[in-house]
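Asker: Questions regarding the structure given below will be posed in turn.
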Amino acid sequence: MKVDHNRYIINEKVTEYVDGFYRPPDQDIASLRTEAEQCGIPVILRDTERFLVTLIRMLRPARILEIGTAIGYSSICFAGASDPSVKIVTMERDPELALQAERNIEKLGYQEQITVLKGDAEILLTELDGVFDLVFIDAAKSHYLRYWERAIPHCRPGSVIVCDNVLLRGSVTDEGYDSSPRRHHTSIKRMRVFLEKITSDPAVETSVMTVGDGISLSYVREC
């Protein structure tokens with residue numbers, strides 16, 4: 001099949017233009033993003049943030065599960081976009097990042113909404129109780145399938161699962177996009193398997209989109 005490459009609009013210039021429309025929800029979140037970027041701590045990209053905030057306002061989930069807390073930036077954004085009654089559970093393996101996240105969450109006044117669980121998410125998910133309306137996966141990329149399989153039991157029909165960075169800067173399409181393909185070969189291979197799994201699973205309806213570094217949006221039909 002002949003591919004019309006002229007139809008693809010995502011490039012650096014377009015991304016910069018779209019990012020120009022970004023407005024942080026408030027000054028506290030803006031400061032937190034600046035701090036993270038200056039320290040080299042990865043947080044969700046600007047267009048990903050706006051997509052997720054809009055999605056949360058549309059879905060109005062009562063319970064949100066996040067796998068991969070880092071410094072708490074995304075969970076704070078989720079809380080800011082939600083009703084104060086919404087509960088968010090976020091999991092972080094790195095104890096130093098988890099502690100920093102707790103400090104940021106308390107500093108911004110979201111400690112009653114957000115609970116940080118420390119440890120390996122694969123283990124924590126097997127010990128977790130309850131069902132969630134929205135699940136956000138943004139942790140070790142080579143483990144996405146494991147997180148997915150352990151998160152699905154905590155979903156219901158109608159739950160939504162969002163996974164971030166699924167295109168791995170384009171390397172899932174062509175390892176030539178990666179400056180260190182040998183180093184990241186396993187992660188790339190596993191992400192391809194993961195995407196094949198969630199887009200072919202009849203229990204969910206999944207779209208893969210070129211938002212940020214690629215996100216997958218899955219609607220759970222049955223659990």
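By convention here, the chains of the structure tokens are called A, B, ... in the order presented, each chain's residues are numbered starting at 1, and ligands are numbered starting at 1 in the order presented.
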What lies within 8 Å of Leu168 (chain A) using only C-alpha atoms, ignoring chain neighbours under 4 positions off, as a PyMOL selection string?
Answerer: chain A and resi 172+188+213-214
Asker: Can you pull out the residues contacting region 29-33 of chain A? Cut-off 8 Å, using only C-alpha atoms, and skip same-chain residues under 6 positions away; I want them as a list of chain:residue names.
Answerer: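 Using only C-alpha atoms, the neighbours found are A:Val43, A:Tyr73, A:Ile76, A:Cys77.
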Asker: Given only C-alpha atoms as the basis, pick out the residue of A:Lys141, A:Arg60, A:Lys107, A:Arg169 nearest to Thr186 (chain A).
Answerer: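 Once distances to Thr186 (chain A) are computed over only C-alpha atoms, the minimum belongs to A:Lys141.
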Asker: Taking the DSSP assignment computed from this structure's backbone, write out as a PyMOL selection string all residues of chain A that belong to strand (DSSP E or B).
Answerer: chain A and resi 63-67+87-92+114-118+134-137+160-164+204-209+215-220
Asker: Okay, now the selection with N, CA and C atoms, as a compact mmCIF listing (two decimals), in the first residue's frame?
Answerer:
```
# COMPACT_ATOMS: atom_id res chain seq x y z
N ARG A 63 -12.83 7.66 41.28
CA ARG A 63 -11.57 7.09 41.79
C ARG A 63 -10.59 6.95 40.63
N ILE A 64 -9.38 7.43 40.86
CA ILE A 64 -8.32 7.39 39.85
C ILE A 64 -7.13 6.63 40.39
N LEU A 65 -6.57 5.75 39.56
CA LEU A 65 -5.36 5.00 39.92
C LEU A 65 -4.24 5.41 38.98
N GLU A 66 -3.11 5.77 39.56
CA GLU A 66 -1.94 6.14 38.77
C GLU A 66 -0.78 5.21 39.10
N ILE A 67 -0.13 4.69 38.07
CA ILE A 67 1.04 3.83 38.25
C ILE A 67 2.25 4.61 37.74
N LYS A 87 -11.01 10.54 44.85
CA LYS A 87 -9.85 9.94 45.50
C LYS A 87 -8.88 9.41 44.44
N ILE A 88 -7.59 9.70 44.67
CA ILE A 88 -6.54 9.29 43.75
C ILE A 88 -5.52 8.44 44.50
N VAL A 89 -5.23 7.27 43.96
CA VAL A 89 -4.18 6.40 44.51
C VAL A 89 -3.06 6.35 43.49
N THR A 90 -1.84 6.68 43.92
CA THR A 90 -0.71 6.69 43.01
C THR A 90 0.43 5.85 43.59
N MET A 91 1.15 5.15 42.73
CA MET A 91 2.17 4.20 43.16
C MET A 91 3.54 4.61 42.64
N GLU A 92 4.55 4.57 43.53
CA GLU A 92 5.90 4.93 43.15
C GLU A 92 6.91 3.98 43.80
N ILE A 114 -5.15 12.61 47.59
CA ILE A 114 -4.14 11.74 46.95
C ILE A 114 -3.42 10.90 47.99
N THR A 115 -3.37 9.60 47.74
CA THR A 115 -2.62 8.66 48.58
C THR A 115 -1.46 8.10 47.78
N VAL A 116 -0.25 8.22 48.31
CA VAL A 116 0.94 7.69 47.64
C VAL A 116 1.29 6.34 48.26
N LEU A 117 1.30 5.31 47.45
CA LEU A 117 1.72 3.98 47.89
C LEU A 117 3.14 3.74 47.42
N LYS A 118 4.01 3.34 48.34
CA LYS A 118 5.43 3.15 48.02
C LYS A 118 5.73 1.68 47.79
N LEU A 134 -10.74 5.46 36.34
CA LEU A 134 -9.69 5.86 35.42
C LEU A 134 -8.36 5.34 35.93
N VAL A 135 -7.59 4.73 35.03
CA VAL A 135 -6.25 4.23 35.36
C VAL A 135 -5.26 4.91 34.43
N PHE A 136 -4.18 5.44 35.00
CA PHE A 136 -3.13 6.09 34.21
C PHE A 136 -1.82 5.36 34.46
N ILE A 137 -1.24 4.80 33.41
CA ILE A 137 0.02 4.04 33.51
C ILE A 137 1.15 4.87 32.91
N VAL A 160 -11.75 3.60 32.09
CA VAL A 160 -10.85 4.04 31.03
C VAL A 160 -9.42 3.88 31.50
N ILE A 161 -8.56 3.35 30.63
CA ILE A 161 -7.14 3.19 30.93
C ILE A 161 -6.33 4.01 29.94
N VAL A 162 -5.47 4.88 30.45
CA VAL A 162 -4.60 5.69 29.60
C VAL A 162 -3.16 5.31 29.89
N CYS A 163 -2.39 5.06 28.85
CA CYS A 163 -0.96 4.73 29.00
C CYS A 163 -0.15 5.79 28.26
N ASP A 164 0.89 6.30 28.92
CA ASP A 164 1.69 7.37 28.35
C ASP A 164 2.98 6.83 27.74
N VAL A 204 -11.51 -4.70 25.43
CA VAL A 204 -11.32 -3.25 25.48
C VAL A 204 -11.38 -2.68 24.08
N GLU A 205 -11.66 -1.41 24.02
CA GLU A 205 -11.60 -0.68 22.75
C GLU A 205 -10.52 0.38 22.89
N THR A 206 -9.48 0.26 22.06
CA THR A 206 -8.28 1.08 22.25
C THR A 206 -7.96 1.92 21.03
N SER A 207 -7.58 3.17 21.29
CA SER A 207 -7.04 4.06 20.27
C SER A 207 -5.63 4.45 20.68
N VAL A 208 -4.71 4.43 19.73
CA VAL A 208 -3.34 4.89 19.96
C VAL A 208 -3.21 6.24 19.26
N MET A 209 -2.80 7.26 19.99
CA MET A 209 -2.79 8.61 19.46
C MET A 209 -1.42 9.27 19.60
N ILE A 215 0.03 8.24 23.33
CA ILE A 215 -0.77 7.69 24.41
C ILE A 215 -1.74 6.68 23.84
N SER A 216 -2.10 5.71 24.67
CA SER A 216 -3.17 4.80 24.31
C SER A 216 -4.35 5.10 25.22
N LEU A 217 -5.52 5.10 24.64
CA LEU A 217 -6.77 5.37 25.37
C LEU A 217 -7.66 4.15 25.20
N SER A 218 -7.93 3.46 26.31
CA SER A 218 -8.68 2.20 26.24
C SER A 218 -9.97 2.28 27.06
N TYR A 219 -11.05 1.90 26.43
CA TYR A 219 -12.35 1.82 27.09
C TYR A 219 -12.62 0.36 27.43
N VAL A 220 -12.83 0.09 28.71
CA VAL A 220 -13.02 -1.30 29.16
C VAL A 220 -14.47 -1.71 28.89
```
Asker: For Glu222 (chain A), please output as number ranges by chain all residues within 9 Å (counting only C-alpha atoms; exclusion window: fewer than 3 positions along the same chain).
Answerer: A: 155-158, 202-204
Asker: I'd like the contact shell of Ala62 (chain A) - 10 Å cut-off, only C-alpha atoms, skipping same-chain residues fewer than 3 positions apart - returned as a ChimeraX atom specification.
Answerer: /A:56,59,82-88,131-134
Asker: If you keep N, CA and C atoms, can you produce a file of those selected residues as a short mmCIF file (atom, residue, chain, number, x, y, z; two decimals), in the first residue's frame?
Answerer:
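Output file out17.cif is given in full below:
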```cif
data_model
loop_
_atom_site.label_atom_id
_atom_site.label_comp_id
_atom_site.auth_asym_id
_atom_site.auth_seq_id
_atom_site.Cartn_x
_atom_site.Cartn_y
_atom_site.Cartn_z
N ILE A 56 -10.49 14.11 32.17
CA ILE A 56 -11.00 13.96 33.54
C ILE A 56 -12.22 14.84 33.76
N LEU A 59 -15.04 12.87 31.96
CA LEU A 59 -15.43 11.58 32.55
C LEU A 59 -15.94 11.72 33.98
N SER A 82 -10.45 17.79 39.35
CA SER A 82 -11.53 16.96 39.88
C SER A 82 -12.26 17.63 41.03
N ASP A 83 -13.41 17.07 41.35
CA ASP A 83 -14.14 17.48 42.53
C ASP A 83 -13.34 17.08 43.78
N PRO A 84 -13.40 17.85 44.85
CA PRO A 84 -12.64 17.51 46.07
C PRO A 84 -12.96 16.12 46.64
N SER A 85 -14.08 15.55 46.26
CA SER A 85 -14.45 14.23 46.77
C SER A 85 -13.75 13.09 46.05
N VAL A 86 -13.12 13.39 44.92
CA VAL A 86 -12.44 12.36 44.12
C VAL A 86 -11.20 11.86 44.85
N LYS A 87 -11.01 10.54 44.85
CA LYS A 87 -9.85 9.94 45.50
C LYS A 87 -8.88 9.41 44.44
N ILE A 88 -7.59 9.70 44.67
CA ILE A 88 -6.54 9.29 43.75
C ILE A 88 -5.52 8.44 44.50
N VAL A 131 -12.27 -0.65 43.02
CA VAL A 131 -12.39 -0.48 41.58
C VAL A 131 -12.17 0.99 41.24
N PHE A 132 -11.56 1.24 40.08
CA PHE A 132 -11.24 2.61 39.67
C PHE A 132 -11.91 2.92 38.34
N ASP A 133 -12.28 4.18 38.19
CA ASP A 133 -12.93 4.63 36.97
C ASP A 133 -11.93 5.02 35.90
N LEU A 134 -10.74 5.46 36.34
CA LEU A 134 -9.69 5.86 35.42
C LEU A 134 -8.36 5.34 35.93
#
```
Asker: When you look at Phe21 (chain A) with a cut-off of 10 Å (counting only C-alpha atoms), what residues show up, excluding the ones that are within fewer than 3 positions of it in the same chain? I need them as an NGL selection string.
Answerer: :A and (16-18 or 24 or 46-47 or 50)
Asker: Residues near Pro95 (chain A), anyone? I mean within 12 Å using only C-alpha atoms, not counting same-chain ones fewer than 6 positions away, as a list in words.
Answerer: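 Answer for this query is Gly68, Thr69, Ala70, Ile71, Ala101, Glu102, Val116, Leu117, Lys118, Gly119 and Asp120 of chain A.
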Asker: Which distance in Å separates CA of Ile44 (chain A) and CA of Phe78 (chain A), to one decimal?
Answerer: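 CA of Ile44 (chain A) sits 11.7 Å away from CA of Phe78 (chain A).
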Asker: Between CA of Leu167 (chain A) and CA of Asp94 (chain A), what distance in Å does the model show, to one decimal?
Answerer: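 Interatomic distance here is 23.9 Å.
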Asker: Which one of A:Gly80, A:Ala36, A:Gln27, A:His143 sits closest to Leu52 (chain A) if you count only C-alpha atoms?
Answerer: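 So, comparing all the options, the nearest one is A:Gly80.
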Asker: Can you measure CA of Leu55 (chain A) to CA of Ala81 (chain A) for me? One decimal in Å is fine.
Answerer: 9.5 Å
Asker: List every residue of region 3-223 of chain A that DSSP, applied to the backbone of this structure, assigns to helix (DSSP H, G or I), and report them as a VMD selection string.
Answerer: chain A and resid 5 to 7 12 to 19 27 to 38 46 to 59 73 to 80 95 to 107 121 to 127 141 to 154 168 to 170 175 to 177 181 to 200
Asker: Between A:Val14, A:Leu125, A:Leu45, A:Leu195, which is the closest to Glu149 (chain A) once you count only C-alpha atoms?
Answerer: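 That would be A:Leu125, the residue with the smallest distance to Glu149 (chain A).
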Asker: Compare A:Ser75, A:Pro42, A:Arg23, A:Ser187 by their minimum atom-to-atom distance to Asn104 (chain A), counting only C-alpha atoms, and give me the closest one.
Answerer: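 Closest residue, counting only C-alpha atoms: A:Ser75.
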